[in-house]
Amino acid sequence: MNICVFLSAADLADRYTRPAKDFAKLIGKGGHTLVWGGSDVGLMKVVADGVQEAGGRLLGVSVEFLAAKARPGTDEMLVARDLAERKRLLLEKADAVVIMVGGTGTLDEATEILELKKHGHTEMPVVLLNTAGFYDGLKEQFRRMEDEGFLPRPLTDLVFFAEEPVGAMAYLEESRGVA
């Protein structure tokens with residue numbers, strides 16, 4: 001399975017990096033491929049290291065203005081012209097999406113995939129990994145959107161909220177029929 005992970009490129013505290021490492025090991029040990037922003041810095045590097053160390057493949061999608069931060073030694077690296085093309089390529093290469101902790105770029109990527117699902121343009125599973133309660137506020141906002149009629153589909157059809165990496169992977173593998 002090609003698992004696209006949207007996440008920060010910032011250096012973060014252990015409460016965020018530990019679960020990211022744990023999820024990365026699950027990707028690698030499962031024989032899956034990490035599809036990610038291709039950067040070799042911060043949390044992006046942590047996850048890529050973990051996947052590679054556990055025997056998984058790396059498929060990066062960098063962008064021209066960040067190409068200097070692209071990870072060397074990947075199985076495949078694409079370089080997009082701009083952020084819009086990068087998002088499109090990331091999603092084209094993915095069988096599933098996991099949203100980890102991140103800033104505005106991660107939020108932009110997350111809302112893109114949810115909007116595509118909302119309109120029926122994809123049915124790939126999407127997991128929001130709520131590490132250390134990072135997305136509690138967003139989860140509440142999504143529930144309000146659902147309760148007040150802003151979502152034409154049930155929230156559970158759009159995204160699965162996982163509190164731990166093992167729950168995220170179990171959901172993905174079950175959704176994709178991978179044993």
# chains A, B, ... in the order shown; residues from 1 in each chain; ligands from 1
>>> residues_around(residues="A:Asp75", least_positions_apart="5", cutoff="9 Å", atoms="only C-alpha atoms", output="ChimeraX atom specification")
/A:57-60
>>> select_by_dssp(residues="stretch 45-174 of chain A", states="strand (DSSP E or B)", output="ChimeraX atom specification")
/A:57-63,70,76-80,96-99,126-129,160-162
>>> closest_atom_pairs(of="stretch 124-164 of chain A", to="stretch 102-119 of chain A", cutoff="7 Å", atoms="only C-alpha atoms", output="Markdown table")
| residue | atom | partner | partner_atom | distance |
| --- | --- | --- | --- | --- |
| A:Pro152 | CA | A:Lys118 | CA | 6.9 |
| A:Arg153 | CA | A:Lys118 | CA | 6.4 |
| A:Leu158 | CA | A:Lys117 | CA | 6.1 |
>>> residues_around(residues="stretch 79-85 of chain A", least_positions_apart="5", cutoff="7 Å", atoms="only C-alpha atoms", output="list in words")
Val61, Ser62, Val63 and Glu64 of chain A
>>> write_last_selection(atoms="all heavy atoms", output="PDB file, in the first residue's frame")
ATOM      1  N   VAL A  61       7.791  13.508  -2.914  1.00  0.00           N
ATOM      2  CA  VAL A  61       7.324  14.499  -3.876  1.00  0.00           C
ATOM      3  C   VAL A  61       7.718  15.860  -3.314  1.00  0.00           C
ATOM      4  O   VAL A  61       7.038  16.419  -2.461  1.00  0.00           O
ATOM      5  CB  VAL A  61       5.802  14.423  -4.124  1.00  0.00           C
ATOM      6  CG1 VAL A  61       5.397  15.446  -5.181  1.00  0.00           C
ATOM      7  CG2 VAL A  61       5.385  13.015  -4.547  1.00  0.00           C
ATOM      8  N   SER A  62       8.835  16.366  -3.798  1.00  0.00           N
ATOM      9  CA  SER A  62       9.311  17.666  -3.349  1.00  0.00           C
ATOM     10  C   SER A  62       8.730  18.738  -4.270  1.00  0.00           C
ATOM     11  O   SER A  62       7.925  18.452  -5.151  1.00  0.00           O
ATOM     12  CB  SER A  62      10.843  17.699  -3.359  1.00  0.00           C
ATOM     13  OG  SER A  62      11.322  18.873  -2.733  1.00  0.00           O
ATOM     14  N   VAL A  63       9.149  19.948  -4.044  1.00  0.00           N
ATOM     15  CA  VAL A  63       8.710  21.071  -4.873  1.00  0.00           C
ATOM     16  C   VAL A  63       9.955  21.891  -5.192  1.00  0.00           C
ATOM     17  O   VAL A  63      10.905  21.904  -4.397  1.00  0.00           O
ATOM     18  CB  VAL A  63       7.603  21.880  -4.150  1.00  0.00           C
ATOM     19  CG1 VAL A  63       8.112  22.550  -2.907  1.00  0.00           C
ATOM     20  CG2 VAL A  63       6.932  22.860  -5.070  1.00  0.00           C
ATOM     21  N   GLU A  64       9.983  22.527  -6.347  1.00  0.00           N
ATOM     22  CA  GLU A  64      11.195  23.201  -6.810  1.00  0.00           C
ATOM     23  C   GLU A  64      11.846  24.083  -5.747  1.00  0.00           C
ATOM     24  O   GLU A  64      13.045  24.007  -5.528  1.00  0.00           O
ATOM     25  CB  GLU A  64      10.907  24.010  -8.079  1.00  0.00           C
ATOM     26  CG  GLU A  64      10.727  23.141  -9.295  1.00  0.00           C
ATOM     27  CD  GLU A  64      10.388  23.913 -10.564  1.00  0.00           C
ATOM     28  OE1 GLU A  64      10.315  25.163 -10.518  1.00  0.00           O
ATOM     29  OE2 GLU A  64      10.192  23.251 -11.598  1.00  0.00           O
TER      30      GLU A  64
END
>>> residues_around(residues="stretch 44-53 of chain A", least_positions_apart="5", cutoff="7 Å", atoms="only C-alpha atoms", output="PyMOL selection string")
chain A and resi 7-9+20-21+24-25+27-28+39+58
>>> closest_residue(among="A:Gly42, A:Pro154, A:Pro72, A:Gly56", to="A:Ile3", atoms="only C-alpha atoms")
A:Gly56
>>> atom_distance(atom1="atom CA of A:Met124", atom2="atom CA of A:Ala96")
5.3 Å
>>> select_by_dssp(residues="chain A", states="helix (DSSP H, G or I)", output="ChimeraX atom specification")
/A:14-29,42-53,64-69,83-93,104-118,131-133,136-147,155-158,165-176
>>> write_last_selection(atoms="C-alpha atoms", output="compact mmCIF listing (two decimals), in the first residue's frame")
# COMPACT_ATOMS: atom_id res chain seq x y z
CA ASP A 14 9.30 13.81 21.65
CA ARG A 15 5.54 13.69 22.28
CA TYR A 16 5.17 14.16 18.51
CA THR A 17 8.27 12.39 17.19
CA ARG A 18 7.82 9.13 19.16
CA PRO A 19 4.39 8.29 17.67
CA ALA A 20 5.66 9.35 14.24
CA LYS A 21 8.57 6.89 14.57
CA ASP A 22 6.15 4.18 15.70
CA PHE A 23 3.90 4.73 12.69
CA ALA A 24 6.90 4.81 10.36
CA LYS A 25 8.01 1.39 11.65
CA LEU A 26 4.52 0.03 10.97
CA ILE A 27 4.71 1.30 7.38
CA GLY A 28 8.11 -0.31 6.83
CA LYS A 29 7.39 -3.60 8.60
CA GLY A 42 12.23 17.70 10.91
CA LEU A 43 9.36 15.28 11.37
CA MET A 44 9.48 14.42 7.66
CA LYS A 45 13.01 13.07 8.17
CA VAL A 46 11.99 11.18 11.32
CA VAL A 47 9.26 9.34 9.44
CA ALA A 48 11.37 8.65 6.35
CA ASP A 49 14.20 7.31 8.53
CA GLY A 50 11.82 5.02 10.38
CA VAL A 51 10.23 3.65 7.21
CA GLN A 52 13.58 3.03 5.56
CA GLU A 53 15.09 1.40 8.67
CA GLU A 64 11.20 23.20 -6.81
CA PHE A 65 11.67 25.83 -4.11
CA LEU A 66 12.40 23.12 -1.49
CA ALA A 67 14.46 20.80 -3.72
CA ALA A 68 17.63 21.60 -1.72
CA LYS A 69 15.97 19.94 1.31
CA LEU A 83 2.55 23.31 -4.09
CA ALA A 84 -0.67 22.64 -6.02
CA GLU A 85 1.11 20.19 -8.33
CA ARG A 86 2.82 18.61 -5.32
CA LYS A 87 -0.53 17.92 -3.63
CA ARG A 88 -1.93 16.48 -6.85
CA LEU A 89 1.07 14.15 -7.28
CA LEU A 90 1.04 13.06 -3.64
CA LEU A 91 -2.62 12.07 -3.91
CA GLU A 92 -2.19 10.42 -7.32
CA LYS A 93 0.52 8.15 -5.90
CA THR A 104 -0.75 25.43 7.75
CA GLY A 105 0.69 23.34 4.91
CA THR A 106 -0.49 20.14 6.56
CA LEU A 107 -3.90 21.66 7.21
CA ASP A 108 -4.13 22.70 3.55
CA GLU A 109 -3.30 19.17 2.42
CA ALA A 110 -5.78 17.68 4.91
CA THR A 111 -8.67 19.85 3.78
CA GLU A 112 -7.86 19.10 0.13
CA ILE A 113 -8.27 15.33 0.55
CA LEU A 114 -11.37 15.75 2.72
CA GLU A 115 -12.95 18.03 0.13
CA LEU A 116 -12.24 15.47 -2.59
CA LYS A 117 -13.83 12.74 -0.46
CA LYS A 118 -16.80 14.95 0.40
CA THR A 131 -1.05 12.64 18.49
CA ALA A 132 -1.07 14.08 22.02
CA GLY A 133 -4.53 15.55 21.35
CA ASP A 136 -8.81 17.87 19.38
CA GLY A 137 -9.99 21.35 18.35
CA LEU A 138 -10.17 20.40 14.67
CA LYS A 139 -12.09 17.24 15.53
CA GLU A 140 -14.59 19.35 17.46
CA GLN A 141 -14.89 21.77 14.52
CA PHE A 142 -15.52 18.91 12.08
CA ARG A 143 -18.23 17.54 14.39
CA ARG A 144 -19.86 20.96 14.49
CA MET A 145 -19.76 21.13 10.68
CA GLU A 146 -21.49 17.76 10.58
CA ASP A 147 -24.05 18.63 13.27
CA LEU A 155 -17.91 12.65 9.16
CA THR A 156 -17.08 8.95 9.66
CA ASP A 157 -17.21 8.51 5.86
CA LEU A 158 -14.62 11.25 5.41
CA PRO A 165 -0.26 4.70 15.38
CA VAL A 166 -1.34 1.06 15.69
CA GLY A 167 -5.01 2.08 15.42
CA ALA A 168 -4.25 4.19 12.35
CA MET A 169 -2.50 1.30 10.59
CA ALA A 170 -5.17 -1.23 11.56
CA TYR A 171 -7.84 1.04 10.04
CA LEU A 172 -5.86 1.52 6.82
CA GLU A 173 -5.11 -2.16 6.37
CA GLU A 174 -8.71 -3.14 7.07
CA SER A 175 -10.02 -0.45 4.71
CA ARG A 176 -7.69 -1.56 1.91
